[in-house]
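Content type mmCIF, C-alpha atoms and all ligand atoms, from the file input-v2.cif:
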```cif
data_target
loop_
_atom_site.group_PDB
_atom_site.id
_atom_site.type_symbol
_atom_site.label_atom_id
_atom_site.label_comp_id
_atom_site.auth_asym_id
_atom_site.auth_seq_id
_atom_site.Cartn_x
_atom_site.Cartn_y
_atom_site.Cartn_z
ATOM 1 C CA MET A 1 78.140 96.261 134.729
ATOM 2 C CA GLN A 2 74.813 97.371 133.217
ATOM 3 C CA GLU A 3 74.970 100.576 135.263
ATOM 4 C CA GLU A 4 78.493 101.283 133.951
ATOM 5 C CA ILE A 5 77.387 100.622 130.382
ATOM 6 C CA LYS A 6 74.491 103.045 130.846
ATOM 7 C CA LYS A 7 76.856 105.703 132.193
ATOM 8 C CA ALA A 8 79.232 105.170 129.245
ATOM 9 C CA ALA A 9 76.341 105.345 126.776
ATOM 10 C CA GLU A 10 75.115 108.578 128.386
ATOM 11 C CA ILE A 11 78.449 110.377 128.051
ATOM 12 C CA ILE A 12 78.809 109.129 124.455
ATOM 13 C CA CYS A 13 75.316 110.446 123.634
ATOM 14 C CA GLN A 14 76.104 113.811 125.217
ATOM 15 C CA ALA A 15 79.586 114.114 123.672
ATOM 16 C CA ARG A 16 80.032 116.269 120.610
ATOM 17 C CA LYS A 17 83.169 114.322 119.686
ATOM 18 C CA THR A 18 84.061 110.745 120.603
ATOM 19 C CA VAL A 19 87.237 109.049 119.317
ATOM 20 C CA ALA A 20 88.226 105.384 119.647
ATOM 21 C CA LEU A 21 91.695 103.933 120.208
ATOM 22 C CA THR A 22 91.882 100.205 119.473
ATOM 23 C CA GLY A 23 94.472 97.478 119.896
ATOM 24 C CA ALA A 24 94.901 93.791 119.164
ATOM 25 C CA GLY A 25 92.331 92.789 121.789
ATOM 26 C CA ILE A 26 89.463 93.975 119.580
ATOM 27 C CA SER A 27 90.479 91.420 116.920
ATOM 28 C CA VAL A 28 91.108 88.417 119.210
ATOM 29 C CA GLU A 29 87.506 87.247 118.736
ATOM 30 C CA SER A 30 88.112 87.359 114.977
ATOM 31 C CA GLY A 31 90.761 84.677 115.533
ATOM 32 C CA ILE A 32 93.837 86.927 115.525
ATOM 33 C CA PRO A 33 95.984 86.406 118.635
ATOM 34 C CA ASP A 34 97.069 89.534 120.445
ATOM 35 C CA PHE A 35 100.683 90.171 121.415
ATOM 36 C CA ARG A 36 101.002 90.174 125.196
ATOM 37 C CA SER A 37 98.225 87.991 126.579
ATOM 38 C CA ALA A 38 99.012 84.357 127.419
ATOM 39 C CA GLY A 39 99.543 82.574 124.090
ATOM 40 C CA GLY A 40 100.026 85.895 122.321
ATOM 41 C CA LEU A 41 102.359 86.384 119.388
ATOM 42 C CA TRP A 42 105.306 87.650 121.435
ATOM 43 C CA GLU A 43 105.131 84.560 123.636
ATOM 44 C CA ARG A 44 105.859 82.407 120.585
ATOM 45 C CA PHE A 45 108.089 84.743 118.595
ATOM 46 C CA ASP A 46 110.688 86.853 120.433
ATOM 47 C CA PRO A 47 109.901 90.442 119.333
ATOM 48 C CA MET A 48 113.639 91.234 119.374
ATOM 49 C CA GLU A 49 114.238 88.461 116.833
ATOM 50 C CA TYR A 50 111.051 88.843 114.753
ATOM 51 C CA GLY A 51 109.495 92.255 115.462
ATOM 52 C CA THR A 52 112.227 94.831 114.791
ATOM 53 C CA ILE A 53 113.168 96.437 111.483
ATOM 54 C CA GLN A 54 116.769 95.404 112.251
ATOM 55 C CA ALA A 55 115.696 91.760 112.529
ATOM 56 C CA PHE A 56 113.879 92.048 109.201
ATOM 57 C CA ARG A 57 116.850 93.640 107.437
ATOM 58 C CA THR A 58 119.253 91.034 108.917
ATOM 59 C CA ASP A 59 117.188 87.914 108.198
ATOM 60 C CA PRO A 60 113.952 88.596 106.275
ATOM 61 C CA GLU A 61 113.392 84.899 105.548
ATOM 62 C CA LYS A 62 113.335 84.171 109.309
ATOM 63 C CA VAL A 63 110.895 87.016 110.021
ATOM 64 C CA TRP A 64 108.695 85.758 107.182
ATOM 65 C CA THR A 65 108.192 82.496 109.104
ATOM 66 C CA MET A 66 106.222 84.577 111.619
ATOM 67 C CA LEU A 67 104.662 86.797 108.953
ATOM 68 C CA HIS A 68 103.320 83.795 107.017
ATOM 69 C CA GLU A 69 101.592 82.549 110.183
ATOM 70 C CA MET A 70 100.098 86.001 110.820
ATOM 71 C CA SER A 71 98.957 86.539 107.239
ATOM 72 C CA ALA A 72 97.323 83.092 107.071
ATOM 73 C CA VAL A 73 95.288 83.969 110.189
ATOM 74 C CA MET A 74 94.470 87.488 108.943
ATOM 75 C CA LYS A 75 93.339 86.234 105.545
ATOM 76 C CA LYS A 76 90.645 84.136 107.279
ATOM 77 C CA ALA A 77 89.676 86.780 109.862
ATOM 78 C CA GLN A 78 86.311 88.528 109.622
ATOM 79 C CA PRO A 79 85.153 91.624 111.516
ATOM 80 C CA ASN A 80 83.543 90.660 114.844
ATOM 81 C CA PRO A 81 80.645 92.461 116.623
ATOM 82 C CA ALA A 82 83.116 94.882 118.247
ATOM 83 C CA HIS A 83 84.397 96.134 114.870
ATOM 84 C CA LYS A 84 80.806 96.280 113.588
ATOM 85 C CA GLY A 85 79.639 98.073 116.721
ATOM 86 C CA LEU A 86 82.199 100.860 116.324
ATOM 87 C CA ALA A 87 81.234 101.227 112.647
ATOM 88 C CA ARG A 88 77.561 101.427 113.748
ATOM 89 C CA LEU A 89 78.408 104.196 116.245
ATOM 90 C CA GLN A 90 80.130 106.101 113.429
ATOM 91 C CA LYS A 91 77.036 105.766 111.243
ATOM 92 C CA MET A 92 74.922 107.103 114.108
ATOM 93 C CA GLY A 93 77.256 110.091 114.351
ATOM 94 C CA LYS A 94 78.256 109.018 117.870
ATOM 95 C CA LEU A 95 81.861 108.095 117.042
ATOM 96 C CA HIS A 96 84.195 110.123 114.876
ATOM 97 C CA ASN A 97 87.637 108.693 114.138
ATOM 98 C CA ILE A 98 89.086 105.325 115.013
ATOM 99 C CA ILE A 99 92.797 105.324 115.812
ATOM 100 C CA THR A 100 94.011 101.757 115.541
ATOM 101 C CA GLN A 101 97.294 99.984 116.241
ATOM 102 C CA ASN A 102 96.004 96.986 114.309
ATOM 103 C CA ILE A 103 97.164 96.085 110.810
ATOM 104 C CA ASP A 104 94.326 93.654 110.033
ATOM 105 C CA ASP A 105 92.022 96.029 108.098
ATOM 106 C CA LEU A 106 89.038 94.706 110.095
ATOM 107 C CA HIS A 107 87.685 98.137 111.042
ATOM 108 C CA GLN A 108 87.474 99.025 107.351
ATOM 109 C CA ALA A 109 86.034 95.591 106.520
ATOM 110 C CA ALA A 110 83.305 96.273 109.107
ATOM 111 C CA GLY A 111 82.381 99.481 107.282
ATOM 112 C CA ALA A 112 84.221 101.934 109.519
ATOM 113 C CA THR A 113 85.557 105.146 107.965
ATOM 114 C CA ASP A 114 88.099 107.728 109.183
ATOM 115 C CA VAL A 115 90.458 105.050 110.462
ATOM 116 C CA ILE A 116 93.959 106.229 111.383
ATOM 117 C CA GLU A 117 96.359 103.259 111.174
ATOM 118 C CA PHE A 118 99.314 103.816 113.505
ATOM 119 C CA HIS A 119 101.112 100.641 112.505
ATOM 120 C CA GLY A 120 100.225 100.321 108.817
ATOM 121 C CA ASN A 121 98.148 97.712 107.071
ATOM 122 C CA CYS A 122 98.910 94.084 106.152
ATOM 123 C CA LYS A 123 97.206 94.396 102.732
ATOM 124 C CA THR A 124 100.271 95.921 101.047
ATOM 125 C CA LEU A 125 103.898 94.871 100.718
ATOM 126 C CA VAL A 126 106.769 97.297 100.175
ATOM 127 C CA CYS A 127 110.297 96.929 98.802
ATOM 128 C CA LEU A 128 112.906 98.492 101.105
ATOM 129 C CA ALA A 129 115.310 98.779 98.136
ATOM 130 C CA CYS A 130 113.201 100.401 95.406
ATOM 131 C CA ASP A 131 109.980 101.353 97.276
ATOM 132 C CA GLN A 132 107.840 99.253 94.884
ATOM 133 C CA ARG A 133 104.401 98.458 96.400
ATOM 134 C CA LEU A 134 102.484 95.224 95.874
ATOM 135 C CA GLY A 135 99.122 93.915 97.059
ATOM 136 C CA ALA A 136 99.629 91.175 99.654
ATOM 137 C CA GLU A 137 96.920 89.073 97.985
ATOM 138 C CA GLU A 138 99.331 88.618 95.059
ATOM 139 C CA ILE A 139 101.797 86.588 97.148
ATOM 140 C CA GLU A 140 101.609 82.824 97.255
ATOM 141 C CA GLU A 141 100.867 81.429 100.722
ATOM 142 C CA GLY A 142 104.111 80.244 102.339
ATOM 143 C CA LEU A 143 106.360 81.723 99.633
ATOM 144 C CA THR A 144 108.675 84.572 100.706
ATOM 145 C CA PRO A 145 107.658 87.391 98.317
ATOM 146 C CA ARG A 146 110.282 89.117 96.247
ATOM 147 C CA CYS A 147 110.214 92.411 94.392
ATOM 148 C CA ALA A 148 111.008 92.519 90.673
ATOM 149 C CA CYS A 149 114.383 93.935 91.763
ATOM 150 C CA GLY A 150 115.041 90.699 93.697
ATOM 151 C CA THR A 151 114.696 92.146 97.219
ATOM 152 C CA ILE A 152 112.504 90.311 99.748
ATOM 153 C CA LEU A 153 109.360 92.387 100.300
ATOM 154 C CA LYS A 154 108.169 93.623 103.708
ATOM 155 C CA PRO A 155 104.534 94.051 104.753
ATOM 156 C CA ASN A 156 103.713 97.771 104.856
ATOM 157 C CA VAL A 157 103.460 97.609 108.645
ATOM 158 C CA ILE A 158 105.539 99.280 111.342
ATOM 159 C CA PHE A 159 108.199 97.153 113.018
ATOM 160 C CA PHE A 160 109.814 98.165 116.283
ATOM 161 C CA GLY A 161 112.482 100.725 115.429
ATOM 162 C CA GLU A 162 110.447 102.280 112.596
ATOM 163 C CA PRO A 163 108.595 105.604 112.833
ATOM 164 C CA ILE A 164 104.802 105.478 112.524
ATOM 165 C CA PRO A 165 103.337 106.964 109.308
ATOM 166 C CA SER A 166 104.205 110.692 109.338
ATOM 167 C CA GLY A 167 100.703 112.189 109.397
ATOM 168 C CA ALA A 168 99.215 109.722 111.887
ATOM 169 C CA LEU A 169 100.513 111.202 115.135
ATOM 170 C CA PRO A 170 99.725 114.897 114.593
ATOM 171 C CA GLU A 171 96.302 113.944 113.215
ATOM 172 C CA ALA A 172 95.595 111.716 116.217
ATOM 173 C CA TYR A 173 96.804 114.313 118.724
ATOM 174 C CA ALA A 174 94.683 117.014 117.077
ATOM 175 C CA LEU A 175 91.634 114.736 117.311
ATOM 176 C CA VAL A 176 92.019 113.656 120.907
ATOM 177 C CA SER A 177 92.988 117.162 122.064
ATOM 178 C CA SER A 178 89.446 118.229 121.194
ATOM 179 C CA CYS A 179 87.430 115.094 121.968
ATOM 180 C CA HIS A 180 85.013 114.687 124.877
ATOM 181 C CA VAL A 181 85.200 110.901 125.110
ATOM 182 C CA LEU A 182 88.028 108.505 124.242
ATOM 183 C CA LEU A 183 86.843 104.896 123.880
ATOM 184 C CA VAL A 184 89.893 102.636 124.466
ATOM 185 C CA VAL A 185 89.242 99.082 123.273
ATOM 186 C CA GLY A 186 91.546 96.058 123.580
ATOM 187 C CA THR A 187 94.949 97.608 124.081
ATOM 188 C CA SER A 188 97.527 97.071 126.826
ATOM 189 C CA ALA A 189 98.584 100.701 126.206
ATOM 190 C CA GLU A 190 102.214 99.692 126.549
ATOM 191 C CA VAL A 191 103.593 100.787 123.167
ATOM 192 C CA THR A 192 104.356 104.390 122.304
ATOM 193 C CA PRO A 193 103.353 106.589 120.655
ATOM 194 C CA ALA A 194 99.834 105.070 120.727
ATOM 195 C CA SER A 195 100.045 104.753 124.503
ATOM 196 C CA THR A 196 100.360 108.552 124.821
ATOM 197 C CA ILE A 197 96.947 109.080 123.188
ATOM 198 C CA PRO A 198 94.864 108.459 126.352
ATOM 199 C CA TYR A 199 97.065 110.887 128.329
ATOM 200 C CA THR A 200 96.624 113.568 125.664
ATOM 201 C CA ALA A 201 92.858 113.033 125.741
ATOM 202 C CA LYS A 202 92.834 113.231 129.542
ATOM 203 C CA MET A 203 94.773 116.504 129.484
ATOM 204 C CA ALA A 204 92.025 117.811 127.224
ATOM 205 C CA LYS A 205 89.516 116.822 129.934
ATOM 206 C CA ALA A 206 88.054 113.974 127.887
ATOM 207 C CA LYS A 207 86.340 111.096 129.671
ATOM 208 C CA ILE A 208 88.146 107.769 129.172
ATOM 209 C CA VAL A 209 85.945 104.703 128.647
ATOM 210 C CA GLU A 210 88.067 101.554 128.609
ATOM 211 C CA ILE A 211 86.937 98.140 127.342
ATOM 212 C CA ASN A 212 89.315 95.301 128.134
ATOM 213 C CA LEU A 213 89.370 91.731 129.401
ATOM 214 C CA MET A 214 91.803 92.807 132.115
ATOM 215 C CA PRO A 215 92.780 96.054 133.857
ATOM 216 C CA THR A 216 95.705 97.837 132.168
ATOM 217 C CA VAL A 217 98.179 100.585 133.079
ATOM 218 C CA LEU A 218 95.377 103.051 132.258
ATOM 219 C CA THR A 219 92.643 101.557 134.405
ATOM 220 C CA GLU A 220 93.606 102.836 137.846
ATOM 221 C CA SER A 221 95.252 106.071 136.784
ATOM 222 C CA LEU A 222 93.286 107.420 133.837
ATOM 223 C CA THR A 223 90.131 105.463 133.082
ATOM 224 C CA ASP A 224 86.813 106.988 134.114
ATOM 225 C CA ILE A 225 84.618 104.007 133.199
ATOM 226 C CA PHE A 226 86.149 100.525 132.962
ATOM 227 C CA LEU A 227 83.968 97.983 131.161
ATOM 228 C CA GLN A 228 85.618 94.643 131.804
ATOM 229 C CA GLY A 229 84.901 91.828 129.403
ATOM 230 C CA LYS A 230 85.176 90.653 125.811
ATOM 231 C CA ALA A 231 85.165 93.507 123.335
ATOM 232 C CA SER A 232 82.437 91.973 121.138
ATOM 233 C CA GLU A 233 80.047 91.540 124.082
ATOM 234 C CA ILE A 234 80.730 94.906 125.722
ATOM 235 C CA VAL A 235 80.691 96.968 122.507
ATOM 236 C CA THR A 236 77.451 95.296 121.440
ATOM 237 C CA LYS A 237 75.794 96.147 124.791
ATOM 238 C CA LEU A 238 77.167 99.702 124.654
ATOM 239 C CA VAL A 239 75.855 100.304 121.130
ATOM 240 C CA HIS A 240 72.423 98.889 122.047
ATOM 241 C CA GLU A 241 72.281 101.289 125.018
ATOM 242 C CA VAL A 242 73.276 104.260 122.842
ATOM 243 C CA GLU A 243 70.637 103.260 120.257
ATOM 244 C CA ARG A 244 68.007 103.006 123.025
ATOM 245 C CA MET A 245 68.905 106.480 124.347
ATOM 246 C CA VAL A 246 68.962 108.006 120.859
ATOM 247 C CA SER A 247 65.559 106.509 119.966
ATOM 248 C CA ARG A 248 64.143 107.770 123.285
ATOM 249 C CA GLY A 249 65.394 111.224 122.292
HETATM 250 N N1 LIG B 1 88.285 91.690 124.454
HETATM 251 C C1 LIG B 1 88.824 92.799 125.025
HETATM 252 N N2 LIG B 1 90.148 92.921 125.319
HETATM 253 C C2 LIG B 1 90.938 91.875 125.015
HETATM 254 C C3 LIG B 1 90.452 90.682 124.423
HETATM 255 C C4 LIG B 1 89.062 90.616 124.144
HETATM 256 N N3 LIG B 1 88.508 89.531 123.590
HETATM 257 N N4 LIG B 1 91.498 89.828 124.264
HETATM 258 C C5 LIG B 1 92.595 90.470 124.725
HETATM 259 N N5 LIG B 1 92.265 91.686 125.184
HETATM 260 C C6 LIG B 1 93.144 92.727 125.735
HETATM 261 C C7 LIG B 1 94.284 92.219 126.565
HETATM 262 O O1 LIG B 1 93.889 92.096 127.939
HETATM 263 C C8 LIG B 1 95.338 93.329 126.386
HETATM 264 O O2 LIG B 1 95.177 94.347 127.359
HETATM 265 O O3 LIG B 1 93.733 93.395 124.641
HETATM 266 C C9 LIG B 1 95.020 93.895 125.007
HETATM 267 C C10 LIG B 1 96.009 93.479 123.942
HETATM 268 O O4 LIG B 1 97.256 94.032 124.295
HETATM 269 P P1 LIG B 1 98.530 93.732 123.363
HETATM 270 O O5 LIG B 1 98.595 92.294 123.055
HETATM 271 O O6 LIG B 1 99.695 94.420 124.027
HETATM 272 O O7 LIG B 1 98.193 94.457 121.992
HETATM 273 P P2 LIG B 1 98.288 96.010 121.668
HETATM 274 O O8 LIG B 1 97.980 96.829 122.857
HETATM 275 O O9 LIG B 1 97.497 96.251 120.454
HETATM 276 O O10 LIG B 1 99.848 96.168 121.301
HETATM 277 C C11 LIG B 1 100.264 97.387 120.755
HETATM 278 O O11 LIG B 1 102.422 96.405 120.288
HETATM 279 O O12 LIG B 1 103.703 94.664 119.532
HETATM 280 C C12 LIG B 1 103.160 95.887 119.178
HETATM 281 O O13 LIG B 1 102.683 96.579 116.994
HETATM 282 C C13 LIG B 1 102.212 95.764 118.009
HETATM 283 O O14 LIG B 1 100.235 97.066 117.573
HETATM 284 C C14 LIG B 1 100.898 96.287 118.549
HETATM 285 C C15 LIG B 1 101.334 97.132 119.730
#
```

Take the structure from the file and write it as structure tokens.
Ligand code: APR
Amino acid sequence: MQEEIKKAAEIICQARKTVALTGAGISVESGIPDFRSAGGLWERFDPMEYGTIQAFRTDPEKVWTMLHEMSAVMKKAQPNPAHKGLARLQKMGKLHNIITQNIDDLHQAAGATDVIEFHGNCKTLVCLACDQRLGAEEIEEGLTPRCACGTILKPNVIFFGEPIPSGALPEAYALVSSCHVLLVVGTSAEVTPASTIPYTAKMAKAKIVEINLMPTVLTESLTDIFLQGKASEIVTKLVHEVERMVSRG
């Protein structure tokens, strides 16, 4: 593994532009379950009943039973060494943008900048009737939040069946179409349009460095360097190697 980490660090040091794509796996060590691993969210809540915009519109109270569980976990979650490592790479000028599917705000909490959120952010609630916005910290734990107009509020996150924020996709495509390395951390790469990002990067001849506990649909077909293991451990080792190479000049 050390050899692979060295190779990954070398191409990151040589790259003029490196972009990261992250998924729920990067936040598992912050205590937030991912979606599709054993014990993941979709094992306990059927995504068709809790994860679609249709489900929310039909029975928001029911979907809030899942949302309350998620927000309680996210409120306690702190950035882990993987989030901090990516922020460190940005500060060193060795990582440009982070494209994330996560809604937990942990990249920003770790000091990362230039974060493109494909699926929104759990910190804000929105009213589907009058478009009123509210900070999620204002809602009482366990209480289903209502807008002043009486409508049950929805977290400003993307449910299945909703489009991702309008600017996110073109911005992400423009970035990865001109990057030299795409660092893919903790995603099963099963959900579009985020899952098209690695293919777009590959078409632009970028090198794909993948960090994951398990191989994914990308590993055999697209990934150039697969670093298997926990994101916090692997990212920490990778950043140390980049720092060593940078200091050696
Ligand atoms: N370190 C590295 N990788 C990990 C870790 C860890 N500690 N724990 C889990 N993983 C990996 C899993 O092996 C899996 O490949 O992270 C990936 C998580 O995959 P998913 O649960 O499918 O999450 P994600 O890819 O982010 O899902 C994309 O699907 O349901 C929607 O909107 C939701 O944003 C989410 C999207």

inquiry  = I'd like the residues picked by the PyMOL selection byres (((not hetatm)) within 8 of (chain B and resi 1)) written out as a PyMOL selection string, using the chain letters and numbers from the file.
reply    = chain A and resi 22-29+33-37+40-42+47+51+101-103+118-119+158-160+185-191+194+211-216+228-232

Convert the current residue selection to file output with C-alpha atoms, as a PDB file, in the coordinates of the input.
```
ATOM      1  CA  THR A  22      91.882 100.205 119.473  1.00  0.00           C
ATOM      2  CA  GLY A  23      94.472  97.478 119.896  1.00  0.00           C
ATOM      3  CA  ALA A  24      94.901  93.791 119.164  1.00  0.00           C
ATOM      4  CA  GLY A  25      92.331  92.789 121.789  1.00  0.00           C
ATOM      5  CA  ILE A  26      89.463  93.975 119.580  1.00  0.00           C
ATOM      6  CA  SER A  27      90.479  91.420 116.920  1.00  0.00           C
ATOM      7  CA  VAL A  28      91.108  88.417 119.210  1.00  0.00           C
ATOM      8  CA  GLU A  29      87.506  87.247 118.736  1.00  0.00           C
ATOM      9  CA  PRO A  33      95.984  86.406 118.635  1.00  0.00           C
ATOM     10  CA  ASP A  34      97.069  89.534 120.445  1.00  0.00           C
ATOM     11  CA  PHE A  35     100.683  90.171 121.415  1.00  0.00           C
ATOM     12  CA  ARG A  36     101.002  90.174 125.196  1.00  0.00           C
ATOM     13  CA  SER A  37      98.225  87.991 126.579  1.00  0.00           C
ATOM     14  CA  GLY A  40     100.026  85.895 122.321  1.00  0.00           C
ATOM     15  CA  LEU A  41     102.359  86.384 119.388  1.00  0.00           C
ATOM     16  CA  TRP A  42     105.306  87.650 121.435  1.00  0.00           C
ATOM     17  CA  PRO A  47     109.901  90.442 119.333  1.00  0.00           C
ATOM     18  CA  GLY A  51     109.495  92.255 115.462  1.00  0.00           C
ATOM     19  CA  GLN A 101      97.294  99.984 116.241  1.00  0.00           C
ATOM     20  CA  ASN A 102      96.004  96.986 114.309  1.00  0.00           C
ATOM     21  CA  ILE A 103      97.164  96.085 110.810  1.00  0.00           C
ATOM     22  CA  PHE A 118      99.314 103.816 113.505  1.00  0.00           C
ATOM     23  CA  HIS A 119     101.112 100.641 112.505  1.00  0.00           C
ATOM     24  CA  ILE A 158     105.539  99.280 111.342  1.00  0.00           C
ATOM     25  CA  PHE A 159     108.199  97.153 113.018  1.00  0.00           C
ATOM     26  CA  PHE A 160     109.814  98.165 116.283  1.00  0.00           C
ATOM     27  CA  VAL A 185      89.242  99.082 123.273  1.00  0.00           C
ATOM     28  CA  GLY A 186      91.546  96.058 123.580  1.00  0.00           C
ATOM     29  CA  THR A 187      94.949  97.608 124.081  1.00  0.00           C
ATOM     30  CA  SER A 188      97.527  97.071 126.826  1.00  0.00           C
ATOM     31  CA  ALA A 189      98.584 100.701 126.206  1.00  0.00           C
ATOM     32  CA  GLU A 190     102.214  99.692 126.549  1.00  0.00           C
ATOM     33  CA  VAL A 191     103.593 100.787 123.167  1.00  0.00           C
ATOM     34  CA  ALA A 194      99.834 105.070 120.727  1.00  0.00           C
ATOM     35  CA  ILE A 211      86.937  98.140 127.342  1.00  0.00           C
ATOM     36  CA  ASN A 212      89.315  95.301 128.134  1.00  0.00           C
ATOM     37  CA  LEU A 213      89.370  91.731 129.401  1.00  0.00           C
ATOM     38  CA  MET A 214      91.803  92.807 132.115  1.00  0.00           C
ATOM     39  CA  PRO A 215      92.780  96.054 133.857  1.00  0.00           C
ATOM     40  CA  THR A 216      95.705  97.837 132.168  1.00  0.00           C
ATOM     41  CA  GLN A 228      85.618  94.643 131.804  1.00  0.00           C
ATOM     42  CA  GLY A 229      84.901  91.828 129.403  1.00  0.00           C
ATOM     43  CA  LYS A 230      85.176  90.653 125.811  1.00  0.00           C
ATOM     44  CA  ALA A 231      85.165  93.507 123.335  1.00  0.00           C
ATOM     45  CA  SER A 232      82.437  91.973 121.138  1.00  0.00           C
TER      46      SER A 232
END
```

key: Residue members of the PyMOL selection byres (((chain A and resi 87) around 10) and not hetatm) in the file shown, as JSON, numbers by chain   = {"A": [81, 82, 83, 84, 85, 86, 88, 89, 90, 91, 92, 93, 94, 95, 96, 97, 98, 107, 108, 109, 110, 111, 112, 113]}

Residues from last step as file, C-alpha atoms, as a compact mmCIF listing (two decimals), keeping the file's coordinate frame:
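For reference, result37.txt as written:
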```txt
# COMPACT_ATOMS: atom_id res chain seq x y z
CA PRO A 81 80.64 92.46 116.62
CA ALA A 82 83.12 94.88 118.25
CA HIS A 83 84.40 96.13 114.87
CA LYS A 84 80.81 96.28 113.59
CA GLY A 85 79.64 98.07 116.72
CA LEU A 86 82.20 100.86 116.32
CA ARG A 88 77.56 101.43 113.75
CA LEU A 89 78.41 104.20 116.24
CA GLN A 90 80.13 106.10 113.43
CA LYS A 91 77.04 105.77 111.24
CA MET A 92 74.92 107.10 114.11
CA GLY A 93 77.26 110.09 114.35
CA LYS A 94 78.26 109.02 117.87
CA LEU A 95 81.86 108.10 117.04
CA HIS A 96 84.20 110.12 114.88
CA ASN A 97 87.64 108.69 114.14
CA ILE A 98 89.09 105.32 115.01
CA HIS A 107 87.68 98.14 111.04
CA GLN A 108 87.47 99.02 107.35
CA ALA A 109 86.03 95.59 106.52
CA ALA A 110 83.30 96.27 109.11
CA GLY A 111 82.38 99.48 107.28
CA ALA A 112 84.22 101.93 109.52
CA THR A 113 85.56 105.15 107.96
```

task = Would you please work out which residue, of A:Leu175, A:Val157, A:Ile5, A:Cys127, is nearest to Thr52 of chain A when using only C-alpha atoms?
result =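 For Thr52 of chain A, the nearest of the given residues is A:Val157.
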
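Note that the spacing between atom CA of Glu140 of chain A and atom CA of Lys62 of chain A amounts to 16.9 Å.
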
request  = Return as a PyMOL selection string the set of residues that the PyMOL selection byres (((chain A and resi 141-143) around 8) and not hetatm) yields on the displayed structure.
outcome  = chain A and resi 68+72+139-140+144-145

message = Here is a test: counting all atoms listed in the file, which residue of A:Val209, A:Ala168, A:Ile53, A:Leu222 is nearest to Lys154 of chain A?
response =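 Comparing A:Val209, A:Ala168, A:Ile53, A:Leu222 against Lys154 of chain A, the winner is A:Ile53.
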
task = Could you tell me how far atom CA of Thr223 of chain A lies from atom CA of Ile208 of chain A, in Å and to one decimal?
result =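 Separating atom CA of Thr223 of chain A from atom CA of Ile208 of chain A is a distance of 5.0 Å.
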
request  = Can you work out which one of A:Leu183, A:Arg244, A:Ala15, A:Lys123 has the shortest atom-to-atom distance to Leu227 of chain A, counting only C-alpha atoms?
outcome  =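 When distances to Leu227 of chain A are compared using only C-alpha atoms, the smallest one comes from A:Leu183.
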
task = Would you mind telling me which residue in A:Ser221, A:Gln78, A:Ser178, A:Gln14 lies nearest to Thr200 of chain A when using all atoms listed in the file?
result =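 Looking at the shortest contact to Thr200 of chain A, the residue is A:Ser178.
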
task = Please indicate the distance in Å from atom CA of Ile234 of chain A to atom CA of Lys207 of chain A, rounded to one decimal place.
result =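 Taking atom CA of Ile234 of chain A as the start and atom CA of Lys207 of chain A as the end point, the length is 17.6 Å.
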
query = Between A:Ile116, A:Leu67, A:Val239, A:Leu21, which one has atoms that come closest to Thr196 of chain A, using only C-alpha atoms?
reply = A:Leu21

key: Contact residues around Lys76 of chain A with all atoms listed in the file at 10 Å, ignoring same-chain residues under 4 positions, as number ranges by chain   = A: 30-32, 71-72

What does the file look like for those residues with C-alpha atoms, as a PDB file, in the coordinates of the input?
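Produced file selection00.pdb, reproduced below:
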```pdb
ATOM      1  CA  SER A  30      88.112  87.359 114.977  1.00  0.00           C
ATOM      2  CA  GLY A  31      90.761  84.677 115.533  1.00  0.00           C
ATOM      3  CA  ILE A  32      93.837  86.927 115.525  1.00  0.00           C
ATOM      4  CA  SER A  71      98.957  86.539 107.239  1.00  0.00           C
ATOM      5  CA  ALA A  72      97.323  83.092 107.071  1.00  0.00           C
TER       6      ALA A  72
END
```

For segment 140-146 of chain A, which lacks atoms in the input, supply N, CA, C and O atoms and format the output as a PDB file, keeping the file's coordinate frame.
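And here is the file that came out, part10.pdb:
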```pdb
ATOM      1  N   GLU A 140     102.016  84.214  97.031  1.00  0.00           N
ATOM      2  CA  GLU A 140     101.609  82.824  97.255  1.00  0.00           C
ATOM      3  C   GLU A 140     101.822  82.454  98.719  1.00  0.00           C
ATOM      4  O   GLU A 140     102.864  82.793  99.292  1.00  0.00           O
ATOM      5  N   GLU A 141     100.800  81.811  99.305  1.00  0.00           N
ATOM      6  CA  GLU A 141     100.867  81.429 100.722  1.00  0.00           C
ATOM      7  C   GLU A 141     102.173  80.638 100.946  1.00  0.00           C
ATOM      8  O   GLU A 141     102.513  79.757 100.171  1.00  0.00           O
ATOM      9  N   GLY A 142     102.926  81.023 101.941  1.00  0.00           N
ATOM     10  CA  GLY A 142     104.111  80.244 102.339  1.00  0.00           C
ATOM     11  C   GLY A 142     105.368  80.611 101.561  1.00  0.00           C
ATOM     12  O   GLY A 142     106.468  80.283 101.970  1.00  0.00           O
ATOM     13  N   LEU A 143     105.188  81.351 100.436  1.00  0.00           N
ATOM     14  CA  LEU A 143     106.360  81.723  99.633  1.00  0.00           C
ATOM     15  C   LEU A 143     106.868  83.097 100.088  1.00  0.00           C
ATOM     16  O   LEU A 143     106.065  84.013 100.242  1.00  0.00           O
ATOM     17  N   THR A 144     108.169  83.249 100.318  1.00  0.00           N
ATOM     18  CA  THR A 144     108.675  84.572 100.706  1.00  0.00           C
ATOM     19  C   THR A 144     108.654  85.473  99.469  1.00  0.00           C
ATOM     20  O   THR A 144     109.318  85.172  98.477  1.00  0.00           O
ATOM     21  N   PRO A 145     107.862  86.557  99.513  1.00  0.00           N
ATOM     22  CA  PRO A 145     107.658  87.391  98.317  1.00  0.00           C
ATOM     23  C   PRO A 145     108.881  88.250  97.977  1.00  0.00           C
ATOM     24  O   PRO A 145     109.517  88.811  98.865  1.00  0.00           O
ATOM     25  N   ARG A 146     109.153  88.288  96.696  1.00  0.00           N
ATOM     26  CA  ARG A 146     110.282  89.117  96.247  1.00  0.00           C
ATOM     27  C   ARG A 146     109.802  90.196  95.285  1.00  0.00           C
ATOM     28  O   ARG A 146     108.856  89.991  94.525  1.00  0.00           O
TER      29      ARG A 146
END
```
